[in-house]
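Structure data follow from final-v3.cif (mmCIF, C-alpha atoms):
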data_structure
loop_
_atom_site.label_atom_id
_atom_site.label_comp_id
_atom_site.auth_asym_id
_atom_site.auth_seq_id
_atom_site.Cartn_x
_atom_site.Cartn_y
_atom_site.Cartn_z
CA MET A 7 -29.01 43.75 -1.56
CA LYS A 8 -29.95 42.73 -5.10
CA LEU A 9 -26.27 42.53 -5.99
CA LEU A 10 -25.58 40.38 -2.94
CA SER A 11 -28.40 37.95 -3.75
CA ARG A 12 -27.14 37.65 -7.35
CA TYR A 13 -23.64 36.99 -6.01
CA LEU A 14 -24.89 34.30 -3.61
CA LEU A 15 -26.99 32.68 -6.37
CA GLY A 16 -23.96 32.64 -8.66
CA ALA A 17 -21.74 31.21 -5.95
CA GLY A 18 -24.36 28.54 -5.19
CA LEU A 19 -24.57 27.55 -8.86
CA LEU A 20 -20.78 27.38 -9.03
CA VAL A 21 -20.65 25.10 -5.99
CA ASN A 22 -23.37 22.87 -7.48
CA LEU A 23 -21.58 22.67 -10.83
CA THR A 24 -18.32 21.84 -9.06
CA VAL A 25 -20.04 19.03 -7.14
CA LEU A 26 -21.65 17.71 -10.34
CA ALA A 27 -18.38 17.81 -12.25
CA ALA A 28 -16.34 16.12 -9.54
CA PRO A 29 -15.36 12.55 -10.39
CA LEU A 30 -16.57 9.77 -8.13
CA ASN A 31 -13.91 7.92 -6.19
CA PHE A 32 -14.42 4.17 -6.36
CA ASP A 33 -12.80 1.97 -3.72
CA PHE A 34 -11.81 -1.48 -5.02
CA LYS A 35 -11.38 -3.25 -1.70
CA ASP A 36 -14.13 -5.81 -2.11
CA PRO A 37 -15.85 -7.20 1.01
CA LYS A 38 -17.46 -9.90 -1.16
CA GLY A 39 -14.08 -11.24 -2.31
CA VAL A 40 -15.19 -11.34 -5.95
CA ASN A 41 -12.60 -8.93 -7.34
CA ASN A 42 -9.89 -10.97 -8.98
CA ALA A 43 -7.03 -11.04 -11.41
CA THR A 44 -6.35 -14.28 -13.24
CA PHE A 45 -3.13 -15.39 -14.89
CA LYS A 46 -2.29 -18.16 -17.33
CA LEU A 47 1.00 -19.44 -18.72
CA ASP A 48 1.38 -22.29 -21.18
CA ALA A 49 3.39 -25.29 -19.96
CA PRO A 50 4.05 -28.75 -21.46
CA LEU A 51 1.86 -30.96 -19.24
CA GLU A 52 -0.87 -28.44 -18.50
CA ALA A 53 -1.22 -24.65 -18.48
CA ILE A 54 -0.34 -22.98 -15.20
CA SER A 55 -3.32 -20.90 -14.20
CA GLY A 56 -4.57 -19.27 -11.07
CA ASN A 57 -5.89 -16.07 -9.60
CA ALA A 58 -5.32 -13.34 -7.05
CA THR A 59 -8.03 -11.88 -4.88
CA GLY A 60 -6.02 -9.51 -2.69
CA ILE A 61 -7.08 -6.43 -4.64
CA SER A 62 -7.24 -2.83 -3.49
CA GLY A 63 -6.94 0.65 -4.95
CA THR A 64 -9.07 3.59 -6.04
CA VAL A 65 -10.28 4.89 -9.38
CA ALA A 66 -11.60 8.40 -10.04
CA PHE A 67 -14.39 8.07 -12.59
CA ASP A 68 -16.73 10.77 -13.86
CA PRO A 69 -19.80 9.31 -15.62
CA GLN A 70 -20.05 12.57 -17.60
CA ALA A 71 -16.39 12.43 -18.64
CA PRO A 72 -15.13 8.81 -18.69
CA ALA A 73 -12.04 9.85 -20.67
CA ALA A 74 -10.72 11.60 -17.56
CA THR A 75 -10.56 8.36 -15.57
CA THR A 76 -7.42 7.85 -13.48
CA GLY A 77 -6.52 5.56 -10.63
CA LYS A 78 -4.39 2.78 -9.26
CA ILE A 79 -5.16 -0.90 -8.73
CA VAL A 80 -2.95 -2.97 -6.45
CA VAL A 81 -2.73 -6.76 -6.22
CA ALA A 82 -1.12 -8.33 -3.15
CA THR A 83 1.52 -10.73 -4.54
CA SER A 84 0.98 -13.16 -1.66
CA SER A 85 -2.67 -13.60 -2.74
CA LEU A 86 -1.70 -15.32 -6.01
CA ARG A 87 -2.98 -18.86 -5.95
CA VAL A 88 -2.58 -22.03 -8.02
CA GLY A 89 -3.88 -25.54 -7.26
CA ASN A 90 -0.53 -27.33 -7.06
CA PRO A 91 1.34 -26.71 -3.77
CA ILE A 92 4.83 -27.05 -5.30
CA GLN A 93 4.00 -24.59 -8.09
CA GLN A 94 2.54 -22.25 -5.46
CA GLU A 95 5.77 -22.34 -3.44
CA HIS A 96 7.96 -21.78 -6.52
CA MET A 97 5.74 -18.98 -7.86
CA LEU A 98 5.98 -16.89 -4.68
CA GLY A 99 9.61 -17.82 -4.04
CA ALA A 100 12.70 -15.71 -4.64
CA GLN A 101 13.42 -17.06 -8.13
CA TRP A 102 10.01 -16.23 -9.59
CA LEU A 103 7.90 -13.43 -8.04
CA ASP A 104 9.78 -13.00 -4.75
CA ALA A 105 6.62 -12.07 -2.87
CA ALA A 106 8.54 -11.32 0.33
CA LYS A 107 10.62 -8.62 -1.36
CA TYR A 108 7.97 -7.38 -3.83
CA PRO A 109 4.64 -7.60 -1.98
CA GLU A 110 2.63 -5.59 -4.54
CA ILE A 111 1.80 -5.73 -8.25
CA SER A 112 0.17 -2.54 -9.46
CA PHE A 113 -1.24 -0.68 -12.44
CA THR A 114 -1.49 3.11 -12.35
CA ALA A 115 -3.81 4.52 -15.03
CA ARG A 116 -2.68 7.86 -16.45
CA GLU A 117 -4.98 8.45 -19.43
CA LEU A 118 -7.63 6.85 -21.59
CA LYS A 119 -7.46 6.73 -25.40
CA ASN A 120 -10.02 5.74 -28.06
CA VAL A 121 -12.84 6.21 -25.58
CA LYS A 122 -16.25 5.00 -26.74
CA THR A 123 -19.28 5.25 -24.49
CA SER A 124 -22.61 3.56 -25.06
CA GLY A 125 -25.15 3.83 -22.25
CA ASP A 126 -23.43 2.84 -19.02
CA THR A 127 -20.55 1.09 -20.76
CA THR A 128 -17.28 2.65 -21.83
CA THR A 129 -14.56 0.91 -23.79
CA ALA A 130 -11.12 2.45 -24.10
CA GLU A 131 -7.41 1.86 -24.11
CA VAL A 132 -5.89 2.80 -20.81
CA VAL A 133 -2.29 3.98 -20.76
CA GLY A 134 -0.52 3.46 -17.48
CA THR A 135 2.38 2.07 -15.53
CA PHE A 136 2.45 -1.62 -14.73
CA SER A 137 4.78 -2.54 -11.87
CA LEU A 138 5.84 -6.09 -11.15
CA LYS A 139 8.84 -7.43 -9.22
CA GLY A 140 10.27 -3.93 -8.83
CA ILE A 141 10.18 -3.14 -12.56
CA SER A 142 7.78 -0.54 -13.98
CA LYS A 143 6.81 -0.31 -17.64
CA THR A 144 4.28 1.72 -19.59
CA LEU A 145 1.49 -0.46 -21.00
CA THR A 146 -1.58 0.24 -23.11
CA VAL A 147 -4.40 -2.05 -22.07
CA PRO A 148 -7.89 -2.45 -23.58
CA VAL A 149 -10.45 -1.91 -20.85
CA LYS A 150 -14.21 -2.02 -20.39
CA LEU A 151 -15.84 0.14 -17.72
CA THR A 152 -19.45 -0.39 -16.67
CA TYR A 153 -21.02 2.27 -14.47
CA LEU A 154 -23.83 0.90 -12.31
CA LYS A 155 -25.63 3.87 -10.81
CA ASP A 156 -27.33 3.30 -7.43
CA LYS A 157 -26.45 -0.42 -7.47
CA LEU A 158 -24.22 -0.45 -4.37
CA GLY A 159 -27.24 -1.08 -2.10
CA GLN A 160 -28.02 -4.31 -3.95
CA ARG A 161 -24.53 -5.57 -3.19
CA VAL A 162 -23.97 -4.15 0.29
CA PRO A 163 -27.22 -3.67 2.24
CA ASP A 164 -27.58 -0.37 4.14
CA LEU A 165 -25.24 1.44 1.75
CA LYS A 166 -26.24 3.80 -1.02
CA GLY A 167 -24.04 4.61 -3.92
CA ASP A 168 -22.69 3.50 -7.27
CA LEU A 169 -20.58 0.67 -8.60
CA LEU A 170 -17.93 0.69 -11.29
CA VAL A 171 -17.04 -2.63 -12.94
CA ILE A 172 -13.71 -2.84 -14.74
CA ARG A 173 -12.74 -5.68 -17.06
CA ALA A 174 -9.41 -5.94 -18.86
CA ASN A 175 -7.49 -8.61 -20.76
CA PHE A 176 -3.85 -8.20 -21.67
CA SER A 177 -0.57 -10.05 -21.70
CA ILE A 178 2.98 -9.35 -20.55
CA LYS A 179 6.32 -11.05 -21.07
CA ARG A 180 7.94 -12.37 -17.92
CA SER A 181 11.42 -11.43 -19.15
CA ASP A 182 10.30 -7.76 -19.27
CA PHE A 183 9.77 -7.90 -15.52
CA GLY A 184 12.81 -9.92 -14.50
CA ILE A 185 10.91 -13.16 -13.87
CA MET A 186 13.52 -15.82 -14.69
CA PRO A 187 14.44 -14.07 -17.96
CA GLY A 188 15.58 -16.54 -20.63
CA GLN A 189 15.30 -19.45 -18.19
CA ALA A 190 12.97 -22.45 -17.94
CA GLU A 191 11.25 -21.43 -21.20
CA GLU A 192 10.78 -25.10 -22.08
CA LYS A 193 8.81 -25.55 -18.85
CA VAL A 194 6.95 -22.24 -18.51
CA ALA A 195 5.90 -19.93 -21.37
CA GLU A 196 7.37 -16.46 -21.76
CA THR A 197 3.93 -14.87 -22.16
CA ILE A 198 1.64 -14.37 -19.18
CA GLU A 199 -2.03 -13.81 -20.04
CA LEU A 200 -3.77 -11.59 -17.50
CA THR A 201 -7.44 -10.88 -16.88
CA LEU A 202 -8.74 -8.28 -14.46
CA SER A 203 -12.35 -8.48 -13.23
CA ILE A 204 -13.05 -5.96 -10.49
CA ALA A 205 -15.82 -3.81 -9.08
CA GLY A 206 -15.39 -0.65 -7.02
CA ALA A 207 -17.84 1.11 -4.75
CA ALA A 208 -18.53 4.82 -4.36
CA PRO A 209 -20.83 5.23 -1.34
CA ARG A 210 -22.85 8.41 -0.92
CA MET B 1 6.37 -66.79 1.18
CA ILE B 2 7.69 -63.32 2.07
CA ARG B 3 8.72 -62.68 -1.56
CA ARG B 4 5.20 -63.41 -2.74
CA LEU B 5 3.67 -61.24 0.01
CA ILE B 6 5.83 -58.27 -0.95
CA ARG B 7 5.01 -58.65 -4.64
CA ILE B 8 1.29 -58.88 -3.94
CA THR B 9 1.57 -55.71 -1.79
CA ALA B 10 3.36 -53.93 -4.65
CA LEU B 11 0.58 -54.92 -7.03
CA LEU B 12 -2.05 -53.72 -4.54
CA VAL B 13 -0.28 -50.35 -4.21
CA LEU B 14 -0.29 -49.99 -7.99
CA VAL B 15 -3.95 -50.96 -8.37
CA ALA B 16 -5.05 -48.77 -5.44
CA ALA B 17 -3.19 -45.73 -6.86
CA LEU B 18 -4.70 -46.29 -10.30
CA ALA B 19 -8.19 -46.69 -8.79
CA ALA B 20 -7.77 -43.50 -6.72
CA TRP B 21 -6.57 -41.59 -9.80
CA VAL B 22 -9.53 -42.76 -11.91
CA ALA B 23 -12.03 -42.15 -9.08
CA ALA B 24 -10.77 -38.56 -8.69
CA GLY B 25 -11.41 -37.81 -12.35
CA ALA B 26 -8.30 -39.20 -14.11
CA ASN B 27 -6.55 -35.81 -13.99
CA ARG B 28 -3.84 -35.80 -16.65
CA GLY B 29 -2.22 -32.68 -15.17
CA TRP B 30 -0.25 -32.17 -11.96
CA THR B 31 -1.52 -33.23 -8.56
CA LYS B 32 -3.55 -30.53 -6.84
CA THR B 33 -4.41 -29.95 -3.21
CA SER B 34 -7.02 -27.29 -3.96
CA VAL B 35 -9.38 -26.83 -6.87
CA PRO B 36 -11.15 -23.75 -8.28
CA VAL B 37 -14.91 -23.48 -7.82
CA GLN B 38 -16.57 -20.69 -9.78
CA ARG B 39 -18.76 -18.12 -8.04
CA THR B 40 -20.71 -15.32 -9.76
CA ASP B 41 -21.72 -11.99 -8.27
CA GLU B 42 -25.27 -11.33 -9.46
CA VAL B 43 -25.10 -7.54 -9.29
CA THR B 44 -21.85 -6.98 -11.16
CA GLY B 45 -21.82 -10.18 -13.24
CA LEU B 46 -18.22 -10.81 -12.21
CA THR B 47 -17.05 -14.38 -11.67
CA VAL B 48 -14.28 -15.57 -9.37
CA ASP B 49 -12.68 -18.95 -8.78
CA ASP B 50 -12.67 -19.76 -5.07
CA TYR B 51 -10.06 -22.37 -4.22
CA GLN B 52 -11.40 -25.20 -2.06
CA LYS B 53 -9.17 -27.78 -0.40
CA ARG B 54 -9.45 -31.08 -2.27
CA PHE B 55 -6.83 -33.65 -3.20
CA VAL B 56 -6.83 -34.41 -6.94
CA PRO B 57 -4.09 -36.87 -7.89
CA GLY B 58 -2.31 -36.17 -11.16
CA VAL B 59 0.18 -38.00 -13.36
CA ASP B 60 3.00 -37.27 -10.89
CA PHE B 61 0.99 -39.24 -8.30
CA LEU B 62 0.75 -42.18 -10.73
CA VAL B 63 4.49 -42.02 -11.48
CA ALA B 64 5.27 -41.99 -7.75
CA ALA B 65 2.97 -44.99 -7.24
CA VAL B 66 4.62 -46.94 -10.09
CA LEU B 67 8.08 -46.14 -8.70
CA GLY B 68 7.01 -47.09 -5.17
CA ALA B 69 5.49 -50.37 -6.33
CA GLY B 70 8.59 -51.08 -8.43
CA VAL B 71 10.93 -50.51 -5.47
CA LEU B 72 8.72 -52.69 -3.29
CA ALA B 73 8.63 -55.48 -5.89
CA ALA B 74 12.41 -55.23 -6.40
CA SER B 75 12.99 -55.47 -2.66
CA SER B 76 11.38 -58.91 -2.73
CA PHE B 77 14.55 -60.20 -4.41
CA LEU B 78 16.46 -59.43 -1.21
CA PHE B 79 14.75 -62.39 0.37
CA ARG B 80 15.91 -65.89 -0.35
CA LYS B 81 13.99 -68.07 -2.73
CA PRO B 82 12.78 -71.15 -0.83
CA GLN B 83 15.14 -74.02 -1.52
CA PRO B 84 13.54 -77.21 -2.81
CA GLN B 85 13.62 -79.97 -0.26
CA PRO B 86 16.05 -82.74 -1.25
CA SER B 87 14.15 -85.83 -2.20
CA ASN B 88 15.24 -89.20 -0.84
#
The structure given in the file should be rewritten as structure tokens.
Amino acid sequence: MKLLSRYLLGAGLLVNLTVLAAPLNFDFKDPKGVNNATFKLDAPLEAISGNATGISGTVAFDPQAPAATTGKIVVATSSLRVGNPIQQEHMLGAQWLDAAKYPEISFTARELKNVKTSGDTTTAEVVGTFSLKGISKTLTVPVKLTYLKDKLGQRVPDLKGDLLVIRANFSIKRSDFGIMPGQAEEKVAETIELTLSIAGAAPR
Amino acid sequence: MIRRLIRITALLVLVAALAAWVAAGANRGWTKTSVPVQRTDEVTGLTVDDYQKRFVPGVDFLVAAVLGAGVLAASSFLFRKPQPQPSN
């Protein structure tokens, strides 16, 4: 009997520890429509800039072990937006992003390096695979993660849980991803500056 | 009479386009049909640009207006200049 109770106590502790150690899964489909990725390319008359709000994906984040963070963020290509209608048409057309054939732009995080945590904020370099227009390349991107414990209810009433805010700034070369390589460089810069500002929710 | 009317119309087109461009903020970039309006989420501190439909004429609009007015003014030469009445 004593042995059985010790066994059950041990098993209970093990289950609790497993639950505590499990990473939280944050869903980045944002009902508020705030999650966005911005892009900017230099051009002679004025810089071409815009954003995309069609963001989804999940990230597994453990507040006790931020270095173990993994996940995938997806941007719907058709959600990219600029103010000029002709630029918008060209951008999503077959010559540039070919949104019909390549409907998703994604980043899959494999590992975090140079992880520094202070309070609820973690900075790191995330190594992962960036996929655009059917071409995937490994990128290392500086990232800032902010864990907001129990803040989900403030954003979505009637829900309890946590929020994870991810911010990242990086740049890519359009020729690396087959976007009019070596062409129209006098009209549109080779470098695309990207900014990711997203928040994910982990309801309890 | 018609020549003068066409030329005055061309001038009006030019002035109206310039006035519309200045009134909309004298945008020295491309014409836009939607503009970003920033919104901030108080809980996360994230900001997003929501695009709202608004016509903002740019330099391409001005160029089109100048070309249009020029074509209109040039077309006035298709009409005959009034001949002076022979004096007795």
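Using only C-alpha atoms, the residues found no farther than 10 Å from Ala66 of chain A, other than those of its own chain fewer than 5 positions away, are A:Ala28, A:Pro29, A:Leu30, A:Asn31, A:Phe32, A:Asp33, A:Pro72, A:Ala74, A:Thr75, A:Thr76, A:Gly77, A:Lys78, A:Ala208.
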>> At a cut-off of 7 Å, using all atoms listed in the file, what residues contact segment 57-66 of chain B? Leave out same-chain residues fewer than 4 positions from it and give the result as an MDAnalysis selection string.
In response: chainID B and resid 13:14 17:18 21 24 27:32 70
>> Ranking A:Lys179, A:Arg210, A:Arg173, A:Lys38 by minimum distance to Glu196 of chain A and counting only C-alpha atoms, which one comes first?
In response: A:Lys179
> What does the distance between atom CA of Ala58 of chain A and atom CA of Leu165 of chain A come to in Å, to one decimal place?
Replying inline: 26.3 Å
> Quick one, how far is atom CA of Tyr51 of chain B from atom CA of Gly56 of chain A?
Replying inline: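 Here the two named atoms are 9.3 Å from each other.
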